[in-house]
Amino acid sequence: MVEFSSERLARLTGMLKRRGVILPAFEIHGGAAGLYDFGPVGGRLRNRVNQTWINHWQSLGNVVEISCPTVTPYPVLEASGHVGEFSDFLTECKKCGEASRADHLIEAIHPNAESLSKDELGALISENNPPCPSCGESEWGQIEAQNLMFNTKIGAGSSGRQGFLRPETAQGMFTSFTSIYRHFRERLPFGALQTGKGYRNEISPRQGMIRLREFNMAELEYFIDPEVNTVHDFSLWNQEVTLIADKEGEIVMTLGDAVEKGIIRHPTVGYFMGWTMDFLLNVGINPAHLRFRQHESNEMAHYAQDCWDAEIRGSYGWVECVGIAHRGCYDLTAHEEATGQRLRAWRTFSEPKVVEINGWTTDGAKAGPAFRALAGQVKSAVEELPPETKFPFTLSIGESAVEILPEHVKRVQRSENVNGEWFVPHVVEPAFGIDRIIWHLLDHSYSEVEKSGEDYTLLGLPELIAPVDVTVLPLYEKDGMDELALIIHRELCGKKNVFSVYDASGSIGRRYARADEIGVPWCITVDHDSLSDNSVTLRSRDTGEQTRVLINALPF
RNA sequence: GCGGAUAUGGUGAAGUGGUUAUCACCUGAGGUUUCCAACCUCAUGUCGUGGGUUCGAUUCCCGCUAUCCGCACCA
């Protein structure tokens, strides 16, 4: 079992920097907090984890990949709620200068302080004078809004529109909903995913790759009909999982049981938790350091109905790396309301519904001239009247009373067949922080052992995501061994999905050690015999075992 | 954002108000070596950044940036 410690963490980050996996960005200019580079080894690692994620979710069979801009106009994020929700309202204690979040100060006074506006917060604070958590005094300054999104301007000068760098990729899936809906021939359920950069202007980035200002996200928006009882196959996951449920606390059970008992409130959320677990284990997360935690109702993001985080334990403790949120109809409704565009799916009833329409409406030709500006309101009011209403009838509309005469109205009585209805699909969203996952799989894969009395480090990465698949090593760089090794190396590099590294410097043992340190699963060694019999040594990283293989029978 | 500490080759460390800043590992070249960080020779590469004090600053002072630790915050 890995023991996480700050000393091990220092050695691990040192190795990652030295070997070009992850490094602080722009370091020659002094660096920038919360920004990291993936180096010559990390670049491919990131790409492979990313691609593995895409492949994994596309294997659901009804999921497409899209790619949307990171630069996003203001109204999009206003509609989504980010402009409001991503602002923290801060106020400073006049005595000690400590900045506190205004909503936290009045948490005890107001049950839902987070939802309050700046003015409401200000009023409550001056009424109640909450004490400063740091010095105990109760004198507060102005409340300032601090937005966690990066501002930008789309277009130059005064004609530029305000925009933001996106704080999540999800909004692109919602704003493209109709196109995706058409792609799937207007049949639910379906999903759209994208991977890409997201940006949050963190007040204080900490803990290396854990909190970044620019980060790799991978999100799936899966659209479902809330009235269909989806049946998922939970027999895929027989193993018990650690769950920290909102009410029950820490429990250990299978995902299927948790869904059945209603602890996981929607089966698709549970199913995606399983799918998420498969992905995490495939890329090298240690299941002993994985758990799912349900958000308490009061910590749920503004859009969510139920939310489970996959948390991974590593050198920084338990860290949320995936959020699986049931967002309900929140997002599509929000964009619908902001734009007036229909973002809905059509649900055909199993049998057409016969709707009896029995009541009154206005006769436009008479009622229009009679009521003028009020005609519209009169019409709606009349249509609400029961069929037995007698006219003349006095309606009160706003302040005024209006007399409706028989000539103003028409009787309506008919039956209509309704074949279906438009509804706003619900969304289940698995959202992954790719950088956090990469950090943890490195953290879990990194092991320090002793080999012949020396410290030896090894990265036990799964072959699926190893940044280098194989290194080719001439035993000595002479007698043609180097030429043969180069030929093999180039041929391997030309193969689909294979990346080989040629390494000829240092003793063979040193080169094996170098390969192990960055988790290369296989080494091919060209020796004197190779020159005559076309065979090479294939060495496994994990077992150290060597087998003799013909060059044209190499498993790559 | 606040408080404290820190910043020396790629990595980890030592050191100094005085002119060629030290060591180990790493890296590169050559030699040696018939498969797990061996050895020999040689070589490359450093005082975060801007300003101040000073005849002279890597060293002292100040600002900035970054890192670490606490507070706060957090998907």
# chains A, B, ... in the order shown; residues from 1 in each chain; ligands from 1
>>> interface_residues(of="chain A", to="chain B", cutoff="6 Å", atoms="only C-alpha atoms (C1' of nucleotides)", output="list in words")
Gly30, Gly31, Gly509 and Arg510 of chain A
>>> write_last_selection(atoms="C-alpha atoms", output="PDB file, in the first residue's frame")
ATOM      1  CA  GLY A  30       9.110  33.639 -13.538  1.00  0.00           C
ATOM      2  CA  GLY A  31       6.155  31.312 -13.855  1.00  0.00           C
ATOM      3  CA  GLY A 509      20.878  -1.206 -16.710  1.00  0.00           C
ATOM      4  CA  ARG A 510      20.754   2.569 -16.576  1.00  0.00           C
TER       5      ARG A 510
END
>>> residues_around(residues="range 541-553 of chain A", least_positions_apart="4", cutoff="12 Å", atoms="only C-alpha atoms (C1' of nucleotides)", output="ChimeraX atom specification")
/A:445,447,451,457-463,466,469-472,484-485,487-489,491-492,509,511-527,529-537 /B:35-36
>>> residues_around(residues="Phe272 in chain A", least_positions_apart="5", cutoff="10 Å", atoms="only C-alpha atoms (C1' of nucleotides)", output="PyMOL selection string")
chain A and resi 57+222+232+267+277-278+324-325+428-430
>>> select_by_dssp(residues="range 257-299 of chain A", states="helix (DSSP H, G or I)", output="ChimeraX atom specification")
/A:257-260,267-282,287-289,297-299
>>> select_by_dssp(residues="range 234-381 of chain A", states="strand (DSSP E or B)", output="ChimeraX atom specification")
/A:241-245,249-253,290-294,306-314,317-328,345-362
>>> residues_around(residues="Gln171 in chain A", least_positions_apart="6", cutoff="9 Å", atoms="only C-alpha atoms (C1' of nucleotides)", output="ChimeraX atom specification")
/A:68,76-77,80,331
>>> residues_around(residues="His335 in chain A", least_positions_apart="6", cutoff="9 Å", atoms="only C-alpha atoms (C1' of nucleotides)", output="tab-separated table (two decimals) with N, CA and C atoms, in the first residue's frame")
chain	number	residue	atom	x	y	z
A	76	VAL	N	-24.53	33.94	-23.00
A	76	VAL	CA	-24.57	32.48	-22.84
A	76	VAL	C	-24.36	32.13	-21.38
A	79	ALA	N	-27.17	33.35	-19.11
A	79	ALA	CA	-28.32	32.43	-19.13
A	79	ALA	C	-28.03	31.20	-18.30
A	80	SER	N	-26.82	30.69	-18.37
A	80	SER	CA	-26.50	29.44	-17.68
A	80	SER	C	-26.40	29.65	-16.17
A	174	PHE	N	-25.28	22.29	-24.62
A	174	PHE	CA	-26.66	22.78	-24.51
A	174	PHE	C	-27.01	23.72	-25.66
A	175	THR	N	-26.06	24.61	-25.99
A	175	THR	CA	-26.38	25.56	-27.05
A	175	THR	C	-26.42	24.86	-28.41
A	341	GLN	N	-35.75	30.25	-28.16
A	341	GLN	CA	-35.64	29.10	-29.06
A	341	GLN	C	-36.16	27.85	-28.36
A	343	LEU	N	-35.80	24.35	-27.13
A	343	LEU	CA	-34.77	23.35	-26.86
A	343	LEU	C	-35.46	22.16	-26.20
>>> residues_around(residues="Leu255 in chain A", least_positions_apart="4", cutoff="12 Å", atoms="only C-alpha atoms (C1' of nucleotides)", output="PyMOL selection string")
chain A and resi 232-243+251+259-277+291-292
